[in-house]
file my_file.pdb (PDB, C-alpha atoms)
MODEL        1
ATOM      1  CA  MET R  27     123.244 158.342  33.825  1.00  0.00           C
ATOM      2  CA  GLY R  28     122.287 155.283  31.795  1.00  0.00           C
ATOM      3  CA  ARG R  29     124.481 153.255  29.494  1.00  0.00           C
ATOM      4  CA  ILE R  30     123.285 154.994  26.349  1.00  0.00           C
ATOM      5  CA  ALA R  31     123.937 158.429  27.856  1.00  0.00           C
ATOM      6  CA  ARG R  32     127.397 157.294  29.000  1.00  0.00           C
ATOM      7  CA  PHE R  33     128.157 156.034  25.514  1.00  0.00           C
ATOM      8  CA  GLY R  34     126.923 159.329  24.027  1.00  0.00           C
ATOM      9  CA  HIS R  35     129.121 161.376  26.375  1.00  0.00           C
ATOM     10  CA  ALA R  36     132.142 159.218  25.611  1.00  0.00           C
ATOM     11  CA  LEU R  37     131.505 159.401  21.861  1.00  0.00           C
ATOM     12  CA  LEU R  38     131.083 163.173  22.026  1.00  0.00           C
ATOM     13  CA  GLY R  39     134.298 163.438  24.027  1.00  0.00           C
ATOM     14  CA  LEU R  40     136.209 161.350  21.495  1.00  0.00           C
ATOM     15  CA  LEU R  41     134.839 163.434  18.611  1.00  0.00           C
ATOM     16  CA  MET R  42     135.845 166.617  20.411  1.00  0.00           C
ATOM     17  CA  LEU R  43     139.302 165.172  21.098  1.00  0.00           C
ATOM     18  CA  LEU R  44     139.694 164.343  17.409  1.00  0.00           C
ATOM     19  CA  CYS R  45     138.667 167.885  16.441  1.00  0.00           C
ATOM     20  CA  SER R  46     141.099 169.284  18.988  1.00  0.00           C
ATOM     21  CA  PHE R  47     143.911 167.191  17.544  1.00  0.00           C
ATOM     22  CA  LEU R  48     143.073 168.276  13.966  1.00  0.00           C
ATOM     23  CA  LEU R  49     143.021 171.925  15.000  1.00  0.00           C
ATOM     24  CA  PHE R  50     146.310 171.605  16.848  1.00  0.00           C
ATOM     25  CA  ILE R  51     148.006 169.967  13.845  1.00  0.00           C
ATOM     26  CA  ASP R  52     146.543 172.246  11.135  1.00  0.00           C
ATOM     27  CA  PRO R  53     144.981 175.431  12.579  1.00  0.00           C
ATOM     28  CA  GLN R  54     144.025 176.981   9.221  1.00  0.00           C
ATOM     29  CA  GLY R  55     142.546 173.894   7.581  1.00  0.00           C
ATOM     30  CA  GLY R  56     140.807 172.640  10.686  1.00  0.00           C
ATOM     31  CA  VAL R  57     138.801 175.805  11.311  1.00  0.00           C
ATOM     32  CA  ASN R  58     136.132 175.033   8.743  1.00  0.00           C
ATOM     33  CA  LEU R  59     135.990 171.366   9.744  1.00  0.00           C
ATOM     34  CA  VAL R  60     135.497 172.122  13.427  1.00  0.00           C
ATOM     35  CA  ALA R  61     133.026 174.918  12.693  1.00  0.00           C
ATOM     36  CA  GLY R  62     131.056 172.535  10.475  1.00  0.00           C
ATOM     37  CA  ILE R  63     131.021 169.809  13.116  1.00  0.00           C
ATOM     38  CA  LEU R  64     129.954 172.258  15.836  1.00  0.00           C
ATOM     39  CA  SER R  65     127.244 173.624  13.543  1.00  0.00           C
ATOM     40  CA  LEU R  66     125.873 170.155  12.865  1.00  0.00           C
ATOM     41  CA  MET R  67     126.016 169.349  16.580  1.00  0.00           C
ATOM     42  CA  MET R  68     124.105 172.550  17.347  1.00  0.00           C
ATOM     43  CA  LEU R  69     121.489 171.694  14.722  1.00  0.00           C
ATOM     44  CA  SER R  70     121.042 168.170  16.062  1.00  0.00           C
ATOM     45  CA  TYR R  71     120.812 169.498  19.630  1.00  0.00           C
ATOM     46  CA  GLY R  72     118.106 171.941  18.581  1.00  0.00           C
ATOM     47  CA  ILE R  73     116.161 169.265  16.718  1.00  0.00           C
ATOM     48  CA  GLN R  74     116.473 166.958  19.729  1.00  0.00           C
ATOM     49  CA  LYS R  75     115.098 169.647  22.057  1.00  0.00           C
ATOM     50  CA  LEU R  76     112.205 170.402  19.704  1.00  0.00           C
ATOM     51  CA  ILE R  77     111.286 166.721  19.435  1.00  0.00           C
ATOM     52  CA  TYR R  78     111.445 166.431  23.219  1.00  0.00           C
ATOM     53  CA  TYR R  79     109.267 169.519  23.598  1.00  0.00           C
ATOM     54  CA  PHE R  80     106.589 168.307  21.184  1.00  0.00           C
ATOM     55  CA  THR R  81     106.521 164.775  22.597  1.00  0.00           C
ATOM     56  CA  MET R  82     106.766 165.404  26.355  1.00  0.00           C
ATOM     57  CA  ALA R  83     107.900 168.784  27.602  1.00  0.00           C
ATOM     58  CA  ARG R  84     104.892 170.797  26.483  1.00  0.00           C
ATOM     59  CA  HIS R  85     102.969 169.112  29.282  1.00  0.00           C
ATOM     60  CA  MET R  86     105.643 169.825  31.905  1.00  0.00           C
ATOM     61  CA  VAL R  87     106.241 172.815  34.140  1.00  0.00           C
ATOM     62  CA  GLY R  88     108.950 174.897  32.471  1.00  0.00           C
ATOM     63  CA  GLY R  89     108.775 172.863  29.287  1.00  0.00           C
ATOM     64  CA  TYR R  90     108.010 175.968  27.255  1.00  0.00           C
ATOM     65  CA  SER R  91     111.625 177.098  27.713  1.00  0.00           C
ATOM     66  CA  LEU R  92     112.815 173.981  25.855  1.00  0.00           C
ATOM     67  CA  LEU R  93     110.933 175.203  22.805  1.00  0.00           C
ATOM     68  CA  PHE R  94     112.954 178.409  22.831  1.00  0.00           C
ATOM     69  CA  VAL R  95     116.215 176.552  23.480  1.00  0.00           C
ATOM     70  CA  GLY R  96     115.537 174.307  20.490  1.00  0.00           C
ATOM     71  CA  ILE R  97     114.655 177.200  18.195  1.00  0.00           C
ATOM     72  CA  ILE R  98     117.709 179.227  19.224  1.00  0.00           C
ATOM     73  CA  ALA R  99     120.025 176.213  18.840  1.00  0.00           C
ATOM     74  CA  ILE R 100     118.708 175.496  15.328  1.00  0.00           C
ATOM     75  CA  ASP R 101     119.054 179.174  14.433  1.00  0.00           C
ATOM     76  CA  LEU R 102     122.656 179.342  15.678  1.00  0.00           C
ATOM     77  CA  GLY R 103     123.547 176.086  13.930  1.00  0.00           C
ATOM     78  CA  ALA R 104     122.099 177.277  10.619  1.00  0.00           C
ATOM     79  CA  PHE R 105     123.787 180.664  10.988  1.00  0.00           C
ATOM     80  CA  SER R 106     127.157 179.073  11.652  1.00  0.00           C
ATOM     81  CA  LEU R 107     126.767 176.848   8.594  1.00  0.00           C
ATOM     82  CA  THR R 108     126.415 179.992   6.471  1.00  0.00           C
ATOM     83  CA  LEU R 109     129.706 181.319   7.870  1.00  0.00           C
ATOM     84  CA  LEU R 110     131.776 178.399   6.581  1.00  0.00           C
ATOM     85  CA  ASP R 111     132.601 180.071   3.248  1.00  0.00           C
ATOM     86  CA  GLN R 112     133.570 183.385   4.904  1.00  0.00           C
ATOM     87  CA  PRO R 113     137.050 184.436   6.080  1.00  0.00           C
ATOM     88  CA  HIS R 114     138.303 182.836   9.271  1.00  0.00           C
ATOM     89  CA  ILE R 115     137.841 185.809  11.630  1.00  0.00           C
ATOM     90  CA  PRO R 116     134.009 185.520  11.973  1.00  0.00           C
ATOM     91  CA  ILE R 117     134.352 181.767  12.483  1.00  0.00           C
ATOM     92  CA  VAL R 118     137.039 182.299  15.126  1.00  0.00           C
ATOM     93  CA  VAL R 119     134.841 184.836  16.924  1.00  0.00           C
ATOM     94  CA  TYR R 120     131.924 182.395  16.797  1.00  0.00           C
ATOM     95  CA  LEU R 121     134.015 179.510  18.149  1.00  0.00           C
ATOM     96  CA  VAL R 122     135.497 181.660  20.917  1.00  0.00           C
ATOM     97  CA  SER R 123     132.021 182.882  21.898  1.00  0.00           C
ATOM     98  CA  TYR R 124     131.071 179.216  22.329  1.00  0.00           C
ATOM     99  CA  PHE R 125     133.680 178.909  25.084  1.00  0.00           C
ATOM    100  CA  GLY R 126     132.495 182.173  26.614  1.00  0.00           C
ATOM    101  CA  ILE R 127     128.948 180.870  26.880  1.00  0.00           C
ATOM    102  CA  MET R 128     130.176 177.571  28.323  1.00  0.00           C
ATOM    103  CA  GLY R 129     132.310 179.445  30.867  1.00  0.00           C
ATOM    104  CA  VAL R 130     129.465 181.619  32.073  1.00  0.00           C
ATOM    105  CA  ALA R 131     127.148 178.594  32.210  1.00  0.00           C
ATOM    106  CA  GLY R 132     129.727 176.662  34.256  1.00  0.00           C
ATOM    107  CA  ILE R 133     130.091 179.466  36.775  1.00  0.00           C
ATOM    108  CA  LEU R 134     126.328 179.895  37.067  1.00  0.00           C
ATOM    109  CA  ARG R 135     125.941 176.123  37.516  1.00  0.00           C
ATOM    110  CA  ALA R 136     128.540 176.228  40.305  1.00  0.00           C
ATOM    111  CA  VAL R 137     126.759 179.092  42.067  1.00  0.00           C
ATOM    112  CA  GLU R 138     123.463 177.226  41.860  1.00  0.00           C
ATOM    113  CA  GLY R 139     125.109 174.004  43.076  1.00  0.00           C
ATOM    114  CA  ARG R 140     126.650 175.803  46.035  1.00  0.00           C
ATOM    115  CA  ARG R 141     123.296 177.299  46.943  1.00  0.00           C
ATOM    116  CA  PHE R 142     121.695 173.837  47.012  1.00  0.00           C
ATOM    117  CA  GLY R 143     124.609 172.146  48.767  1.00  0.00           C
ATOM    118  CA  LEU R 144     125.775 170.095  45.766  1.00  0.00           C
ATOM    119  CA  LYS R 145     129.303 169.524  44.470  1.00  0.00           C
ATOM    120  CA  TRP R 146     130.238 172.728  42.685  1.00  0.00           C
ATOM    121  CA  GLY R 147     134.046 172.880  42.521  1.00  0.00           C
ATOM    122  CA  ALA R 148     134.452 171.147  39.160  1.00  0.00           C
ATOM    123  CA  SER R 149     131.828 173.350  37.501  1.00  0.00           C
ATOM    124  CA  LEU R 150     133.489 176.484  38.835  1.00  0.00           C
ATOM    125  CA  ALA R 151     136.911 175.309  37.651  1.00  0.00           C
ATOM    126  CA  HIS R 152     135.515 174.497  34.207  1.00  0.00           C
ATOM    127  CA  GLY R 153     133.867 177.908  33.960  1.00  0.00           C
ATOM    128  CA  ILE R 154     137.012 179.758  35.009  1.00  0.00           C
ATOM    129  CA  VAL R 155     139.226 177.769  32.618  1.00  0.00           C
ATOM    130  CA  SER R 156     136.800 178.439  29.755  1.00  0.00           C
ATOM    131  CA  LEU R 157     136.743 182.166  30.475  1.00  0.00           C
ATOM    132  CA  LEU R 158     140.554 182.253  30.709  1.00  0.00           C
ATOM    133  CA  LEU R 159     140.745 180.577  27.306  1.00  0.00           C
ATOM    134  CA  VAL R 160     138.348 183.195  25.918  1.00  0.00           C
ATOM    135  CA  LEU R 161     140.545 185.927  27.378  1.00  0.00           C
ATOM    136  CA  ALA R 162     143.655 184.390  25.800  1.00  0.00           C
ATOM    137  CA  CYS R 163     141.874 184.163  22.444  1.00  0.00           C
ATOM    138  CA  ILE R 164     140.778 187.806  22.659  1.00  0.00           C
ATOM    139  CA  ILE R 165     144.327 188.904  23.449  1.00  0.00           C
ATOM    140  CA  PHE R 166     145.732 187.047  20.414  1.00  0.00           C
ATOM    141  CA  ILE R 167     142.776 187.659  18.050  1.00  0.00           C
ATOM    142  CA  GLY R 168     145.083 189.044  15.328  1.00  0.00           C
ATOM    143  CA  ASN R 169     146.995 185.755  15.045  1.00  0.00           C
ATOM    144  CA  THR R 170     144.489 183.170  13.821  1.00  0.00           C
ATOM    145  CA  ASP R 171     146.908 180.255  14.189  1.00  0.00           C
ATOM    146  CA  LEU R 172     147.588 181.047  17.846  1.00  0.00           C
ATOM    147  CA  VAL R 173     143.887 181.558  18.590  1.00  0.00           C
ATOM    148  CA  MET R 174     143.060 178.207  17.014  1.00  0.00           C
ATOM    149  CA  THR R 175     145.847 176.538  19.007  1.00  0.00           C
ATOM    150  CA  VAL R 176     144.402 177.983  22.228  1.00  0.00           C
ATOM    151  CA  PHE R 177     140.921 176.922  21.103  1.00  0.00           C
ATOM    152  CA  SER R 178     142.177 173.397  20.389  1.00  0.00           C
ATOM    153  CA  ILE R 179     143.621 173.195  23.903  1.00  0.00           C
ATOM    154  CA  GLY R 180     140.272 174.285  25.328  1.00  0.00           C
ATOM    155  CA  LEU R 181     138.423 171.817  23.136  1.00  0.00           C
ATOM    156  CA  GLY R 182     140.751 169.051  24.317  1.00  0.00           C
ATOM    157  CA  TYR R 183     140.080 170.042  27.928  1.00  0.00           C
ATOM    158  CA  SER R 184     136.323 169.879  27.325  1.00  0.00           C
ATOM    159  CA  ALA R 185     136.723 166.520  25.581  1.00  0.00           C
ATOM    160  CA  ILE R 186     138.613 165.044  28.519  1.00  0.00           C
ATOM    161  CA  ARG R 187     135.933 166.415  30.830  1.00  0.00           C
ATOM    162  CA  HIS R 188     133.183 164.739  28.747  1.00  0.00           C
ATOM    163  CA  ILE R 189     135.031 161.432  28.783  1.00  0.00           C
ATOM    164  CA  GLY R 190     135.553 161.752  32.545  1.00  0.00           C
ATOM    165  CA  THR R 191     131.847 162.433  33.008  1.00  0.00           C
ATOM    166  CA  SER R 192     130.994 159.306  31.072  1.00  0.00           C
ATOM    167  CA  LEU R 193     133.290 157.184  33.256  1.00  0.00           C
ATOM    168  CA  ARG R 194     132.221 158.628  36.616  1.00  0.00           C
ATOM    169  CA  LYS R 195     129.684 156.723  38.682  1.00  0.00           C
ATOM    170  CA  THR R 196     126.558 158.721  39.330  1.00  0.00           C
ATOM    171  CA  ASP R 197     124.870 158.937  42.678  1.00  0.00           C
ATOM    172  CA  VAL R 198     121.497 157.283  42.943  1.00  0.00           C
ATOM    173  CA  ILE R 199     119.079 158.784  45.432  1.00  0.00           C
ATOM    174  CA  PHE R 200     116.414 156.515  46.836  1.00  0.00           C
ATOM    175  CA  ILE R 201     113.287 158.033  48.322  1.00  0.00           C
ATOM    176  CA  GLN R 202     111.740 155.970  51.072  1.00  0.00           C
TER     177      GLN R 202
ENDMDL
END
call {"tool": "encode", "arguments": {"input": "my_file.pdb", "output": "structure tokens"}}
result
Amino acid sequence: MGRIARFGHALLGLLMLLCSFLLFIDPQGGVNLVAGILSLMMLSYGIQKLIYYFTMARHMVGGYSLLFVGIIAIDLGAFSLTLLDQPHIPIVVYLVSYFGIMGVAGILRAVEGRRFGLKWGASLAHGIVSLLLVLACIIFIGNTDLVMTVFSIGLGYSAIRHIGTSLRKTDVIFIQ
């Protein structure tokens, strides 16, 4: 990972940590703020993937999937922006589904890493923790404050993980 990518991961982690702190302090007022930030992040991610597809990935094997990822990310970001003026329950469900998707992706990444002989323990732990947070949020779905507190804890965990990723040295493989 290069210096710019490390800086981006650290900045994203700090932004997530700030959102986690705001949600923990004021669960009701922070819901719209965090949903807005996540929506804008999803939109920028989708735009980034589309730009990458049109500049490079359309000539690559498997690059066509990046087109779909970009379109779906922009669609989800725009949809979540329309939910900001609605009651908190749809926003809470949307935010909790984010952790569900991240949990499943972490577990699948760990399974794939184990199959190829890579380090997979941290990805599995992240996936399990994310799914446990989703389960806790589903159990307490009637109490929005408690769900947002659990979500803020999960967001803080993800933020610390992003910051840790930015500080970790990456392995460089040389082919001779």
call {"tool": "closest_residue", "arguments": {"input": "my_file.pdb", "among": "R:Leu150, R:Ile115, R:Leu49, R:Leu181", "to": "Ala136 of chain R", "atoms": "all atoms listed in the file"}}
result
R:Leu150
call {"tool": "resolve_selection", "arguments": {"input": "my_file.pdb", "expression": "the PyMOL selection byres ((chain R and resi 147) around 12)", "output": "mmCIF file with C-alpha atoms, in the frame of the given file"}}
result
data_model
loop_
_atom_site.group_PDB
_atom_site.id
_atom_site.type_symbol
_atom_site.label_atom_id
_atom_site.label_comp_id
_atom_site.auth_asym_id
_atom_site.auth_seq_id
_atom_site.Cartn_x
_atom_site.Cartn_y
_atom_site.Cartn_z
ATOM 1 C CA GLY R 132 129.727 176.662 34.256
ATOM 2 C CA ILE R 133 130.091 179.466 36.775
ATOM 3 C CA LEU R 134 126.328 179.895 37.067
ATOM 4 C CA ARG R 135 125.941 176.123 37.516
ATOM 5 C CA ALA R 136 128.540 176.228 40.305
ATOM 6 C CA VAL R 137 126.759 179.092 42.067
ATOM 7 C CA GLU R 138 123.463 177.226 41.860
ATOM 8 C CA GLY R 139 125.109 174.004 43.076
ATOM 9 C CA ARG R 140 126.650 175.803 46.035
ATOM 10 C CA GLY R 143 124.609 172.146 48.767
ATOM 11 C CA LEU R 144 125.775 170.095 45.766
ATOM 12 C CA LYS R 145 129.303 169.524 44.470
ATOM 13 C CA TRP R 146 130.238 172.728 42.685
ATOM 14 C CA ALA R 148 134.452 171.147 39.160
ATOM 15 C CA SER R 149 131.828 173.350 37.501
ATOM 16 C CA LEU R 150 133.489 176.484 38.835
ATOM 17 C CA ALA R 151 136.911 175.309 37.651
ATOM 18 C CA HIS R 152 135.515 174.497 34.207
ATOM 19 C CA GLY R 153 133.867 177.908 33.960
ATOM 20 C CA ILE R 154 137.012 179.758 35.009
#
call {"tool": "atom_distance", "arguments": {"input": "my_file.pdb", "atom1": "atom CA of Gly129 of chain R", "atom2": "atom CA of Leu158 of chain R"}}
result
8.7 Å
call {"tool": "atom_distance", "arguments": {"input": "my_file.pdb", "atom1": "atom CA of Asn58 of chain R", "atom2": "atom CA of Gln74 of chain R"}}
result
23.9 Å
call {"tool": "atom_distance", "arguments": {"input": "my_file.pdb", "atom1": "atom CA of Leu44 of chain R", "atom2": "atom CA of Tyr78 of chain R"}}
result
28.9 Å
call {"tool": "axis_aligned_box", "arguments": {"input": "my_file.pdb", "around": "segment 81-91 of chain R", "padding_each_side": "8 Å", "output": "lines of an AutoDock Vina configuration file"}}
result
center_x = 107.3
center_y = 170.9
center_z = 28.4
size_x = 24.7
size_y = 28.3
size_z = 27.5
call {"tool": "residues_around", "arguments": {"input": "my_file.pdb", "residues": "Gly34 of chain R", "least_positions_apart": "5", "cutoff": "9 Å", "atoms": "all atoms listed in the file", "output": "short mmCIF file (atom, residue, chain, number, x, y, z; two decimals) with C-alpha atoms, in the coordinates of the input"}}
result
data_model
loop_
_atom_site.label_atom_id
_atom_site.label_comp_id
_atom_site.auth_asym_id
_atom_site.auth_seq_id
_atom_site.Cartn_x
_atom_site.Cartn_y
_atom_site.Cartn_z
CA ARG R 29 124.48 153.26 29.49
CA GLY R 39 134.30 163.44 24.03
CA SER R 192 130.99 159.31 31.07
#
